[in-house]
file my_file-v4.txt (compact mmCIF, C-alpha atoms)
# COMPACT_ATOMS: atom_id res chain seq x y z
CA MET D 1 2.84 -3.65 -18.41
CA ILE D 2 0.96 -2.22 -15.45
CA GLY D 3 3.36 -1.65 -12.58
CA GLY D 4 6.43 -2.17 -14.77
CA ALA D 5 7.81 -5.14 -12.80
CA SER D 6 6.83 -8.09 -10.70
CA PRO D 7 6.28 -7.44 -6.97
CA ARG D 8 9.49 -7.37 -4.93
CA PHE D 9 9.73 -7.93 -1.20
CA LYS D 10 12.91 -6.08 -0.37
CA PRO D 11 13.84 -2.42 0.15
CA PRO D 12 13.60 -0.39 -3.07
CA LEU D 13 16.67 1.55 -1.89
CA PRO D 14 19.32 0.95 0.81
CA GLY D 15 18.30 2.27 4.22
CA TRP D 16 14.59 1.51 4.01
CA ARG D 17 14.68 -2.12 5.19
CA ILE D 18 11.86 -3.19 7.51
CA ALA D 19 12.65 -2.67 11.21
CA PRO D 20 10.67 -3.15 14.45
CA LEU D 21 9.16 -0.24 16.35
CA ALA D 22 8.71 0.21 20.09
CA GLY D 23 5.14 -1.11 19.96
CA LEU D 24 6.28 -4.66 19.17
CA ARG D 25 6.00 -6.69 22.38
CA PRO D 26 6.09 -10.48 22.92
CA PRO D 27 2.61 -11.94 23.50
CA ALA D 28 1.55 -13.75 26.67
CA GLY D 29 0.00 -17.22 26.65
CA LYS D 30 -0.59 -19.26 23.52
CA ALA D 31 0.98 -17.54 20.57
CA GLY D 32 1.61 -17.85 16.87
CA ALA D 33 3.17 -15.43 14.42
CA LEU D 34 2.42 -13.12 11.53
CA ASP D 35 4.79 -13.85 8.65
CA LEU D 36 4.57 -10.51 6.88
CA ARG D 37 6.18 -9.50 3.61
CA VAL D 38 6.07 -5.81 2.74
CA GLY D 39 6.80 -5.29 -0.93
CA TYR D 40 6.36 -2.93 -3.82
CA CYS D 41 5.73 -2.65 -7.54
CA ALA D 42 7.36 -0.08 -9.76
CA GLY D 43 4.98 2.80 -10.27
CA VAL D 44 3.41 3.99 -13.49
CA GLN D 45 5.69 6.55 -15.14
CA SER D 46 4.05 9.96 -15.10
CA LYS D 47 6.56 11.74 -17.36
CA THR D 48 8.66 10.94 -20.41
CA ILE D 49 12.45 11.35 -20.16
CA ALA D 50 12.24 14.70 -21.93
CA GLU D 51 9.48 15.92 -19.62
CA ALA D 52 11.41 14.76 -16.54
CA ALA D 53 14.59 16.57 -17.64
CA GLU D 54 12.60 19.73 -18.38
CA ALA D 55 10.92 19.55 -14.96
CA ILE D 56 14.26 19.23 -13.13
CA ASP D 57 15.79 22.10 -15.12
CA ARG D 58 12.78 24.36 -14.56
CA ARG D 59 12.74 23.69 -10.82
CA GLU D 60 16.49 24.20 -10.43
CA ARG D 61 16.31 27.54 -12.27
CA ALA D 62 13.51 28.55 -9.92
CA GLY D 63 15.79 27.85 -6.93
CA ASP D 64 14.00 24.72 -5.72
CA PRO D 65 16.37 22.97 -3.25
CA VAL D 66 14.70 19.59 -3.88
CA ALA D 67 14.22 19.74 -7.65
CA ALA D 68 13.04 16.28 -8.73
CA LYS D 69 11.52 14.91 -11.91
CA GLY D 70 8.33 13.62 -10.30
CA ASP D 71 5.56 15.16 -8.22
CA LEU D 72 5.75 12.88 -5.17
CA ARG D 73 5.96 15.05 -2.06
CA SER D 74 4.81 12.77 0.79
CA SER D 75 6.23 9.57 2.22
CA LEU D 76 5.22 6.16 0.85
CA VAL D 77 7.25 4.20 3.42
CA PRO D 78 4.90 1.61 4.98
CA VAL D 79 4.17 1.52 8.70
CA VAL D 80 2.67 -1.73 10.02
CA VAL D 81 0.05 -1.41 12.77
CA VAL D 82 -1.33 -4.48 14.62
CA ASP D 83 -4.38 -4.08 16.87
CA GLY D 84 -3.78 -0.34 16.99
CA GLU D 85 -0.08 -0.56 17.91
CA PRO D 86 2.68 0.43 15.42
CA VAL D 87 5.07 -2.53 15.21
CA ALA D 88 7.30 -2.09 12.14
CA THR D 89 8.23 0.20 9.26
CA GLY D 90 9.98 -0.25 5.92
CA TRP D 91 10.10 -2.92 3.21
CA GLY D 92 11.11 -6.56 3.55
CA ARG D 93 10.06 -9.65 5.46
CA MET D 94 9.41 -9.84 9.20
CA ARG D 95 8.03 -12.37 11.65
CA ILE D 96 5.79 -10.74 14.28
CA PRO D 97 4.81 -12.87 17.34
CA LEU D 98 1.10 -12.51 18.18
CA ALA D 99 -1.32 -14.09 20.60
CA ALA D 100 -3.59 -16.75 19.16
CA GLY D 101 -6.84 -15.28 17.82
CA ARG D 102 -7.99 -12.70 15.28
CA HIS D 103 -6.01 -9.52 14.78
CA LEU D 104 -6.37 -6.31 12.83
CA VAL D 105 -3.36 -5.66 10.58
CA GLU D 106 -3.06 -2.23 9.00
CA VAL D 107 -0.37 -0.90 6.69
CA GLN D 108 -0.20 2.87 6.47
CA SER D 109 1.57 4.55 3.60
CA GLN D 110 0.61 7.75 1.86
CA HIS D 111 -2.88 6.86 3.01
CA SER D 112 -4.73 4.50 5.35
CA ARG D 113 -6.69 2.29 2.98
CA ALA D 114 -4.90 -1.05 3.60
CA TRP D 115 -6.10 -3.32 6.42
CA HIS D 116 -7.00 -6.99 6.85
CA ALA D 117 -8.31 -9.29 9.58
CA VAL D 118 -5.78 -12.09 10.20
CA ASP D 119 -6.37 -15.35 12.10
CA ILE D 120 -3.40 -16.52 14.19
CA ALA D 121 -3.35 -20.14 15.38
CA ALA D 122 -1.21 -21.23 18.34
CA GLY D 123 2.17 -22.50 17.18
CA GLN D 124 1.55 -21.55 13.54
CA SER D 125 2.30 -18.65 11.22
CA ALA D 126 -0.17 -16.70 9.10
CA LYS D 127 1.43 -15.62 5.83
CA VAL D 128 0.38 -12.15 4.67
CA ASP D 129 1.70 -9.90 1.90
CA TYR D 130 1.46 -6.17 1.32
CA ILE D 131 2.33 -4.58 -2.02
CA GLY D 132 2.36 -0.85 -2.67
CA MET D 133 3.04 1.08 -5.84
CA LEU D 134 6.04 3.41 -5.82
CA GLY D 135 6.25 6.85 -7.39
CA ASP D 136 3.93 9.80 -7.77
CA ARG D 137 1.04 7.70 -9.09
CA HIS D 138 0.49 5.95 -5.77
CA ARG D 139 -2.88 7.12 -4.53
CA SER D 140 -5.58 5.61 -2.38
CA TYR D 141 -8.71 6.06 -4.43
CA GLY D 142 -8.01 8.05 -7.56
CA GLU D 143 -8.51 11.59 -6.30
CA GLY D 144 -6.58 14.80 -6.58
CA THR D 145 -4.19 15.20 -9.52
CA VAL D 146 -4.26 11.55 -10.62
CA THR D 147 -5.75 11.26 -14.12
CA GLY D 148 -6.08 8.74 -16.91
CA ALA D 149 -5.76 4.99 -16.41
CA ALA D 150 -3.59 5.52 -13.32
CA ALA D 151 -6.58 7.01 -11.50
CA LEU D 152 -8.15 3.54 -11.44
CA LEU D 153 -5.20 1.94 -9.69
CA SER D 154 -5.67 1.42 -5.99
CA GLY D 155 -1.91 1.62 -5.48
CA TYR D 156 -1.80 -1.09 -2.82
CA ALA D 157 -2.89 -4.60 -1.87
CA LEU D 158 -2.93 -6.49 1.45
CA GLY D 159 -4.03 -10.06 2.01
CA PRO D 160 -3.13 -13.76 2.32
CA ARG D 161 0.01 -14.85 0.51
CA GLY D 162 -0.73 -16.52 -2.79
CA ARG D 163 -4.34 -15.31 -2.78
CA LEU D 164 -3.76 -11.59 -2.82
CA HIS D 165 -6.27 -9.27 -4.43
CA TYR D 166 -4.32 -7.11 -6.82
CA TRP D 167 -5.81 -7.49 -10.25
CA GLN D 168 -4.04 -4.33 -11.34
CA TYR D 169 -0.67 -6.00 -10.87
CA LEU D 170 -1.57 -9.36 -12.44
CA PRO D 171 0.05 -8.69 -15.85
CA ALA D 172 3.28 -7.72 -14.11
CA LEU D 173 3.23 -10.79 -11.86
CA ALA D 174 2.39 -13.11 -14.75
CA ARG D 175 5.66 -12.30 -16.44
CA GLY D 176 7.55 -13.21 -13.29
CA ARG D 177 11.33 -13.06 -13.40
CA LEU D 178 11.81 -16.72 -12.45
CA SER D 179 9.65 -18.00 -15.31
CA PHE D 180 11.36 -15.68 -17.76
CA ALA D 181 14.82 -16.76 -16.54
CA VAL D 182 13.93 -20.44 -16.99
CA PHE D 183 12.71 -19.78 -20.54
CA VAL D 184 15.85 -17.82 -21.50
CA ALA D 185 18.15 -20.43 -19.93
CA LEU D 186 16.54 -23.26 -21.89
CA LEU D 187 16.60 -21.19 -25.07
CA VAL D 188 20.33 -20.54 -24.64
CA ALA D 189 20.95 -24.20 -23.76
CA ALA D 190 19.48 -25.41 -27.07
CA ALA D 191 22.66 -24.66 -29.10
CA PRO D 192 25.20 -26.40 -26.78
CA VAL D 193 22.86 -29.39 -26.43
CA THR D 194 22.80 -29.78 -30.22
CA TRP D 195 26.59 -29.46 -30.36
CA LEU D 196 27.17 -32.02 -27.60
CA ALA D 197 24.72 -34.39 -29.24
CA GLY D 198 26.69 -34.17 -32.46
CA LEU D 199 29.96 -34.90 -30.66
CA THR D 200 28.51 -38.00 -29.04
CA GLY D 201 27.25 -39.37 -32.34
CA VAL D 202 23.54 -38.70 -31.82
CA PRO D 203 21.86 -38.33 -35.24
CA LEU D 204 20.87 -34.77 -36.10
CA ALA D 205 17.36 -35.94 -36.83
CA LEU D 206 17.09 -36.73 -33.12
CA ALA D 207 19.37 -34.04 -31.67
CA ILE D 208 17.59 -31.06 -33.25
CA PRO D 209 14.09 -31.95 -31.97
CA ILE D 210 15.55 -32.49 -28.48
CA ALA D 211 17.21 -29.07 -28.59
CA MET D 212 14.05 -27.43 -29.90
CA ALA D 213 12.01 -29.03 -27.14
CA LEU D 214 13.99 -27.20 -24.45
CA PRO D 215 12.71 -23.66 -25.16
CA VAL D 216 9.25 -25.08 -25.81
CA LEU D 217 9.30 -26.60 -22.32
CA GLY D 218 10.44 -23.27 -20.92
CA LEU D 219 7.63 -21.47 -22.70
CA ALA D 220 5.16 -24.06 -21.41
CA PHE D 221 6.43 -23.53 -17.85
CA TRP D 222 5.99 -19.80 -18.26
CA GLY D 223 2.47 -20.25 -19.59
CA ALA D 224 1.59 -22.60 -16.74
CA ARG D 225 2.73 -19.98 -14.22
CA VAL D 226 0.56 -17.34 -15.91
CA LEU D 227 -2.47 -19.65 -15.89
CA TRP D 228 -1.88 -20.66 -12.25
CA THR D 229 -1.65 -17.02 -11.23
CA PHE D 230 -4.86 -16.19 -13.06
CA LEU D 231 -6.74 -19.09 -11.48
CA ARG D 232 -5.45 -18.58 -7.94
CA TYR D 233 -5.30 -14.83 -7.41
CA ASN D 234 -8.35 -12.62 -6.82
CA ARG D 235 -10.47 -15.64 -6.00
CA ILE D 236 -11.29 -15.07 -2.33
CA GLY D 237 -14.12 -13.09 -0.83
CA PRO D 238 -13.90 -10.37 1.82
CA ALA D 239 -12.71 -11.30 5.31
CA ALA D 240 -15.39 -11.88 7.94
CA PRO D 241 -16.19 -8.93 10.24
CA LEU D 242 -13.66 -8.54 13.05
CA SER D 243 -14.76 -7.84 16.62
CA THR D 244 -12.21 -5.56 18.30
CA GLY D 245 -13.25 -6.32 21.87
CA ALA D 246 -10.19 -8.50 22.54
CA PHE D 247 -7.76 -5.59 22.11
CA THR D 248 -9.91 -2.56 22.97
CA ARG D 249 -8.86 -0.53 26.01
CA PRO D 250 -11.30 -0.42 28.96
CA GLY D 251 -13.78 2.43 28.81
CA LEU D 252 -14.04 2.46 25.03
CA ALA D 253 -16.79 1.01 22.87
CA ALA D 254 -15.45 -1.82 20.68
CA PRO D 255 -16.63 -1.52 17.08
CA VAL D 256 -16.73 -4.30 14.51
CA VAL D 257 -14.19 -3.71 11.72
CA LEU D 258 -15.42 -4.60 8.25
CA ASP D 259 -13.27 -5.69 5.35
CA PRO D 260 -12.71 -2.92 2.76
CA ALA D 261 -15.15 -4.77 0.49
CA GLY D 262 -17.14 -6.53 3.23
CA THR D 263 -20.80 -6.21 4.18
CA PRO D 264 -22.14 -5.48 7.68
CA PRO D 265 -23.16 -8.39 9.94
CA PRO D 266 -26.87 -9.11 10.60
CA LEU D 267 -28.59 -6.77 13.01
CA ARG D 268 -30.45 -7.88 16.10
CA PRO D 269 -34.23 -7.38 15.98
CA GLY D 270 -35.26 -3.79 16.70
CA SER D 271 -31.76 -2.34 16.30
CA ALA D 272 -29.87 -0.21 13.78
CA ALA D 273 -26.19 0.54 13.14
CA VAL D 274 -23.77 3.33 12.25
CA LEU D 275 -20.85 2.64 9.89
CA VAL D 276 -17.93 5.11 9.99
CA ASP D 277 -15.50 4.82 7.09
CA ALA D 278 -12.41 6.67 8.36
CA ARG D 279 -9.42 7.42 6.19
CA PHE D 280 -6.48 9.81 6.05
CA LEU D 281 -4.39 11.07 3.17
CA LYS D 282 -1.03 12.77 3.64
CA ASP D 283 -0.62 16.28 2.29
CA ASP D 284 2.19 17.03 -0.11
CA LEU D 285 5.07 18.83 1.60
CA THR D 286 6.53 22.06 0.28
CA SER D 287 10.10 22.22 -0.98
CA PRO D 288 11.36 24.07 2.16
CA GLU D 289 9.69 21.41 4.34
CA LEU D 290 11.31 18.59 2.36
CA ALA D 291 14.67 20.42 2.48
CA LEU D 292 14.68 19.92 6.27
CA GLN D 293 15.61 16.29 5.50
CA LEU D 294 18.88 17.38 3.85
CA PRO D 295 22.04 16.81 5.92
CA GLN D 296 23.27 19.87 7.78
CA GLY D 297 25.17 22.20 5.46
CA GLN D 298 23.77 20.70 2.25
CA MET D 299 21.81 23.27 0.27
CA ARG D 300 20.54 21.24 -2.69
CA ILE D 301 19.41 17.71 -3.39
CA ASN D 302 21.89 15.28 -4.99
CA GLY D 303 21.26 12.45 -7.43
CA GLU D 304 20.68 9.69 -4.88
CA GLN D 305 18.34 11.86 -2.83
CA ARG D 306 16.40 12.82 -5.97
CA LYS D 307 15.98 9.14 -6.82
CA ALA D 308 14.72 8.41 -3.30
CA LEU D 309 12.26 11.31 -3.35
CA ASP D 310 10.83 10.22 -6.71
CA ARG D 311 10.42 6.62 -5.58
CA VAL D 312 9.51 6.64 -1.87
CA GLY D 313 8.76 10.28 -1.03
CA GLU D 314 11.70 10.76 1.35
CA LEU D 315 15.15 12.21 0.69
CA VAL D 316 16.79 10.08 3.38
CA PRO D 317 15.49 7.35 5.72
CA ILE D 318 13.56 8.94 8.60
CA ARG D 319 15.04 7.50 11.78
CA HIS D 320 11.98 7.99 14.01
CA ARG D 321 9.03 7.24 11.74
CA ARG D 322 5.63 6.85 13.42
CA ALA D 323 2.14 5.82 12.39
CA VAL D 324 -0.65 8.38 12.08
CA PRO D 325 -2.78 7.95 15.25
CA PRO D 326 -6.50 7.31 14.77
CA PRO D 327 -9.02 10.12 15.31
CA GLU D 328 -11.16 10.40 18.41
CA ILE D 329 -14.74 9.39 17.59
CA GLU D 330 -17.77 9.64 19.86
CA ILE D 331 -21.28 8.43 19.09
CA ASP D 332 -23.89 9.98 21.37
CA GLY D 333 -21.12 10.84 23.84
CA VAL D 334 -19.64 7.32 23.94
CA ARG D 335 -16.00 7.13 22.84
CA VAL D 336 -15.26 4.47 20.24
CA ALA D 337 -11.97 2.57 19.86
CA ALA D 338 -11.29 4.15 16.49
CA SER D 339 -9.02 2.99 13.70
CA TRP D 340 -8.43 3.97 10.07
CA THR D 341 -10.92 1.37 8.86
CA ARG D 342 -14.63 0.80 8.30
CA MET D 343 -16.07 0.69 11.84
CA TRP D 344 -19.56 -0.74 12.41
CA ILE D 345 -21.36 0.06 15.67
CA GLU D 346 -24.76 -1.44 16.49
CA THR D 347 -27.10 1.05 18.15
CA ALA D 348 -30.75 1.96 18.64
CA PRO D 349 -32.80 3.31 15.73
CA GLY D 350 -33.13 7.07 15.46
CA ARG D 351 -30.93 10.14 15.14
CA HIS D 352 -27.37 9.90 16.45
CA ARG D 353 -24.74 12.55 17.03
CA VAL D 354 -21.24 11.70 15.80
CA ARG D 355 -18.36 13.83 17.04
CA VAL D 356 -14.84 13.62 15.57
CA ARG D 357 -11.59 15.12 16.82
CA THR D 358 -8.45 15.00 14.68
CA PRO D 359 -5.48 13.09 16.16
CA GLU D 360 -2.68 14.56 18.22
CA ALA D 361 0.90 14.39 16.95
CA PRO D 362 2.66 11.04 17.59
CA LEU D 363 5.93 12.86 18.39
CA PRO D 364 6.80 16.17 20.09
CA VAL D 365 6.40 19.33 17.98
CA PRO D 366 8.79 21.94 19.46
CA SER D 367 7.25 24.76 17.43
CA GLY D 368 3.77 23.77 18.58
CA GLN D 369 1.20 21.73 16.70
CA ALA D 370 -1.92 23.22 15.16
CA PRO D 371 -5.05 22.96 17.33
CA PRO D 372 -7.10 19.83 16.60
CA GLN D 373 -10.20 20.23 14.48
CA ILE D 374 -13.56 19.03 15.78
CA GLY D 375 -16.41 17.94 13.56
CA ASP D 376 -19.97 17.20 14.57
CA VAL D 377 -22.69 15.63 12.44
CA ALA D 378 -26.12 14.06 12.96
CA ILE D 379 -27.07 10.89 11.16
CA ASP D 380 -30.36 8.98 11.06
CA ALA D 381 -30.26 5.20 11.43
CA ALA D 382 -33.49 3.38 10.53
CA GLU D 383 -34.48 0.15 12.26
CA GLY D 384 -32.92 -2.85 10.51
CA ALA D 385 -30.53 -0.66 8.47
CA THR D 386 -26.96 0.65 8.63
CA ALA D 387 -26.35 4.38 8.23
CA ALA D 388 -22.93 5.00 6.63
CA LEU D 389 -20.75 8.00 7.39
CA GLU D 390 -17.58 9.07 5.54
CA LEU D 391 -14.66 10.64 7.41
CA THR D 392 -11.62 11.91 5.52
CA ILE D 393 -8.76 13.69 7.29
CA ALA D 394 -5.81 15.37 5.58
CA VAL D 395 -2.54 15.07 7.53
CA GLU D 396 0.47 17.35 7.19
CA ALA D 397 3.47 15.94 9.06
CA VAL D 398 6.98 17.32 8.64
CA PRO D 399 9.44 14.87 10.25
CA ASP D 400 12.99 15.46 11.37
CA PRO D 401 15.34 12.95 9.68
CA THR D 402 17.36 12.11 12.80
CA GLU D 403 15.61 13.41 15.94
CA PRO D 404 12.36 12.02 17.48
CA LEU D 405 10.32 15.13 16.70
CA LEU D 406 8.12 16.77 14.10
CA HIS D 407 8.70 20.24 12.69
CA GLN D 408 5.00 20.56 11.92
CA TRP D 409 1.77 18.64 12.57
CA GLN D 410 -1.60 19.71 11.29
CA CYS D 411 -4.78 17.74 10.58
CA ARG D 412 -7.97 18.99 9.00
CA ILE D 413 -11.30 17.31 8.36
CA GLU D 414 -11.87 17.19 4.62
CA ARG D 415 -15.17 15.32 4.80
CA LEU D 416 -17.57 14.29 7.54
CA ALA D 417 -20.93 13.47 5.97
CA PRO D 418 -23.23 10.60 5.03
CA ALA D 419 -21.66 8.23 2.52
CA LEU D 420 -22.28 8.78 -1.18
CA GLU D 421 -23.02 6.01 -3.64
CA ARG D 422 -20.06 5.67 -6.01
CA PRO D 423 -19.68 3.29 -8.96
CA VAL D 424 -16.91 0.72 -8.61
CA PRO D 425 -14.26 1.44 -11.32
CA ALA D 426 -13.25 -1.35 -13.65
CA ALA D 427 -9.73 -2.77 -13.36
CA PRO D 428 -7.26 -1.06 -15.74
CA LYS D 429 -5.77 -2.93 -18.66
CA ALA D 430 -2.12 -3.51 -19.43
CA ASP D 431 -0.74 -1.24 -22.17
CA VAL D 432 0.20 -4.13 -24.45
CA ARG D 433 -0.32 -2.32 -27.77
CA GLY D 434 1.71 0.73 -26.81
CA GLY D 435 4.41 -1.42 -25.20
CA LEU D 436 4.87 -3.51 -28.35
CA ARG D 437 5.02 -0.39 -30.51
CA ARG D 438 7.69 1.19 -28.36
CA ALA D 439 9.70 -2.04 -28.25
CA ALA D 440 9.52 -2.47 -32.03
CA THR D 441 10.53 1.11 -32.85
CA GLY D 442 13.07 1.50 -30.07
CA ARG D 443 11.34 4.73 -28.99
CA TRP D 444 10.97 3.46 -25.43
CA TRP D 445 10.89 6.94 -23.92
CA GLU D 446 7.54 7.78 -25.51
CA ARG D 447 4.26 7.80 -23.62
CA ALA D 448 1.95 4.80 -23.64
CA ASP D 449 -0.96 4.90 -26.05
CA ARG D 450 -4.08 6.59 -24.70

call {"tool": "encode", "arguments": {"input": "my_file-v4.txt", "output": "C-alpha cells"}}
result
Amino acid sequence: MIGGASPRFKPPLPGWRIAPLAGLRPPAGKAGALDLRVGYCAGVQSKTIAEAAEAIDRRERAGDPVAAKGDLRSSLVPVVVVDGEPVATGWGRMRIPLAAGRHLVEVQSQHSRAWHAVDIAAGQSAKVDYIGMLGDRHRSYGEGTVTGAAALLSGYALGPRGRLHYWQYLPALARGRLSFAVFVALLVAAAPVTWLAGLTGVPLALAIPIAMALPVLGLAFWGARVLWTFLRYNRIGPAAPLSTGAFTRPGLAAPVVLDPAGTPPPLRPGSAAVLVDARFLKDDLTSPELALQLPQGQMRINGEQRKALDRVGELVPIRHRRAVPPPEIEIDGVRVAASWTRMWIETAPGRHRVRVRTPEAPLPVPSGQAPPQIGDVAIDAAEGATAALELTIAVEAVPDPTEPLLHQWQCRIERLAPALERPVPAAPKADVRGGLRRAATGRWWERADR
C-alpha cells in the first residue's frame, strides 16, 4: 500500500518528540488554542534488501563515515511556524495557545510547501493535523532524483483533523490498525464462543452461526471505516485567502496569503496584482558534513544512527533546530512581510520591479556564512489580472548537534521568473497487484510491479 502504514502521531524514533521553541509566547486578550498533531507515514521503499545491503557495503568500502542504505541527506524533522514565529519542532501532539482570529500555520520539513490558514475562536481549540512521509522519497513536488510513481507523491499534508487532504495516503489509512485489530479479535473469538456455547447446551445449529457472525461483524466494521474515510476525506475546498495585517510588523506591506490550491481574491476596479510563490528546498549534505553530527571520538555511523538517517535525515536529534527564515522581498522598493507561501499583493497595473534577497542564517555561523544572493526581475501586471512569479531558493544548512550554531549556511536562488503553466499530476494508485503477488509467493523483498 502507498505509505506502508497508517499515519502515526508520535515520534518515529526516541529523541524526536515535539518540543516548544523560544518563539512560543502566551497570547494577550481573548485566546483559544491550536490543537496540533504532527505525524508521519512510512515512506515508499526506494531499494530492495539486496540493493540496500550492496549500497551500505559499497559506501563502507569507499570510506564513507555515514554509510547508509538510503539516499536521504537532509533533515525531515518538522518545524512549526505560526504567524512567522517558530514555535515547535518534532513529532507528536501539542496545544499552542493563540489569540482569537485567523492565523498562518506553516510546517517546514525538507521543504516549505505545507501551510494552512487556521481560525481560532476564543475559548475553543482548532484541531489540525500534519502528516509527512519519511525516508528518501519525501519530496515537495516531484523534482530532482525522484522518479516513477513516487514522483507524484506530495510527501506531506496539512489541514483540519478528519478532513485532511492526503489522497495519496488514503489506502494506508483505510486499513487502519484499530479496524484490523477488531476484525482479528472477533475472528479469534469465534472458536471459544462456539466451545462455550456447546458447554452451556446451546444447539450447534445456533452456536455456529453466532460464532460465524462475529468475524463478519468485524469485517463490516472495517468496511464501514473504509467507506467513512473515503466519504469524509478530501472533500473540502481551499481555505479562504488570509490577510496578514494582524501579525505584520510595522513598516512592512502585508500581503494576502493564498491556500496552496486557492485562487486570488477579486481585484478592485482599475487595479492589478502580483503573486509571489516562494518556496525553499534543503540541499543534500555531504558525508563529511553529516559526520559532524557524530559524537566526539566516533568515526563511523552505528546501526541506530543509520536507521535515524534513513528515516528522518539526522543521525542524532539536533538540540537547537531552527526554522528557515523567509527571504526579503521588495516590490517597487516596498518591503513585503514575506513567508514561504503564495503571497498576493494588490498593486497598480503596469511593470513592477521585484527584488529578492536570500535569508540570513537563523543561528551564528562561526566560520562565516556565504554572502546572500540578490535577484531582480521585472514583471508586467495587466489591469484586472494577477501576474504570478515563482521563487525557489536552495538552502544548505549544516547544524551542530549540541551547540546553538551552524557550521555552514548558504542560500542560492534557483528560480526567480514568471510562473509556468504545469499540468496537475493525477494521484498515484496503491500497488495492490504487486503487493498480493509478493504476499502469495513470500518474496516480500522484491520491488513493486511497475

call {"tool": "closest_residue", "arguments": {"input": "my_file-v4.txt", "among": "D:Asp119, D:Glu390, D:Glu328, D:Asp136", "to": "Ala419 (chain D)", "atoms": "only C-alpha atoms"}}
result
D:Glu390

call {"tool": "closest_residue", "arguments": {"input": "my_file-v4.txt", "among": "D:Leu405, D:Val128, D:Leu389, D:Ala253", "to": "Val365 (chain D)", "atoms": "all atoms listed in the file"}}
result
D:Leu405

call {"tool": "atom_distance", "arguments": {"input": "my_file-v4.txt", "atom1": "CA of Val38 (chain D)", "atom2": "CA of Glu106 (chain D)"}}
result
11.6 Å

call {"tool": "atom_distance", "arguments": {"input": "my_file-v4.txt", "atom1": "CA of Pro215 (chain D)", "atom2": "CA of Ala189 (chain D)"}}
result
8.4 Å

call {"tool": "residues_near_point", "arguments": {"input": "my_file-v4.txt", "point": "(7.7, -9.8, 14.4)", "cutoff": "8 Å", "atoms": "only C-alpha atoms", "output": "list in words"}}
result
Pro20, Leu24, Ala33, Leu34, Asp35, Val87, Met94, Arg95, Ile96 and Pro97 of chain D

call {"tool": "residues_around", "arguments": {"input": "my_file-v4.txt", "residues": "Gly132 (chain D)", "least_positions_apart": "5", "cutoff": "7 Å", "atoms": "all atoms listed in the file", "output": "PyMOL selection string"}}
result
chain D and resi 39-41+155-157

call {"tool": "residues_around", "arguments": {"input": "my_file-v4.txt", "residues": "Pro404 (chain D)", "least_positions_apart": "4", "cutoff": "9 Å", "atoms": "all atoms listed in the file", "output": "compact mmCIF listing (two decimals) with C-alpha atoms, in the coordinates of the input"}}
result
# COMPACT_ATOMS: atom_id res chain seq x y z
CA ARG D 319 15.04 7.50 11.78
CA HIS D 320 11.98 7.99 14.01
CA ARG D 321 9.03 7.24 11.74
CA LEU D 363 5.93 12.86 18.39
CA PRO D 364 6.80 16.17 20.09
CA PRO D 399 9.44 14.87 10.25
CA ASP D 400 12.99 15.46 11.37

call {"tool": "atom_distance", "arguments": {"input": "my_file-v4.txt", "atom1": "CA of Ile131 (chain D)", "atom2": "CA of Pro12 (chain D)"}}
result
12.1 Å

call {"tool": "axis_aligned_box", "arguments": {"input": "my_file-v4.txt", "around": "region 45-61 of chain D", "padding_each_side": "4 Å", "output": "lines of an AutoDock Vina configuration file"}}
result
center_x = 10.3
center_y = 17.0
center_z = -16.2
size_x = 20.4
size_y = 29.0
size_z = 19.5

call {"tool": "residues_around", "arguments": {"input": "my_file-v4.txt", "residues": "Gly350 (chain D)", "least_positions_apart": "4", "cutoff": "10 Å", "atoms": "all atoms listed in the file", "output": "list in words"}}
result
Ser271, Ala272, Ala273, Ile379, Asp380, Ala381, Ala382 and Glu383 of chain D

call {"tool": "closest_residue", "arguments": {"input": "my_file-v4.txt", "among": "D:Gly90, D:Pro362, D:Gly237, D:Pro326", "to": "Pro14 (chain D)", "atoms": "only C-alpha atoms"}}
result
D:Gly90

call {"tool": "closest_residue", "arguments": {"input": "my_file-v4.txt", "among": "D:Thr263, D:Ser125, D:Gln293, D:Asp376", "to": "Ala308 (chain D)", "atoms": "only C-alpha atoms"}}
result
D:Gln293

call {"tool": "residues_around", "arguments": {"input": "my_file-v4.txt", "residues": "Leu420 (chain D)", "least_positions_apart": "5", "cutoff": "12 Å", "atoms": "only C-alpha atoms", "output": "list of chain:residue names"}}
result
D:Asp277, D:Ala387, D:Ala388, D:Leu389, D:Glu390, D:Leu391, D:Arg415

call {"tool": "closest_residue", "arguments": {"input": "my_file-v4.txt", "among": "D:Pro250, D:Leu164, D:Val80, D:Val184", "to": "Trp222 (chain D)", "atoms": "all atoms listed in the file"}}
result
D:Val184

call {"tool": "closest_residue", "arguments": {"input": "my_file-v4.txt", "among": "D:Ala224, D:Ala181, D:Cys411, D:Val188", "to": "Pro327 (chain D)", "atoms": "all atoms listed in the file"}}
result
D:Cys411
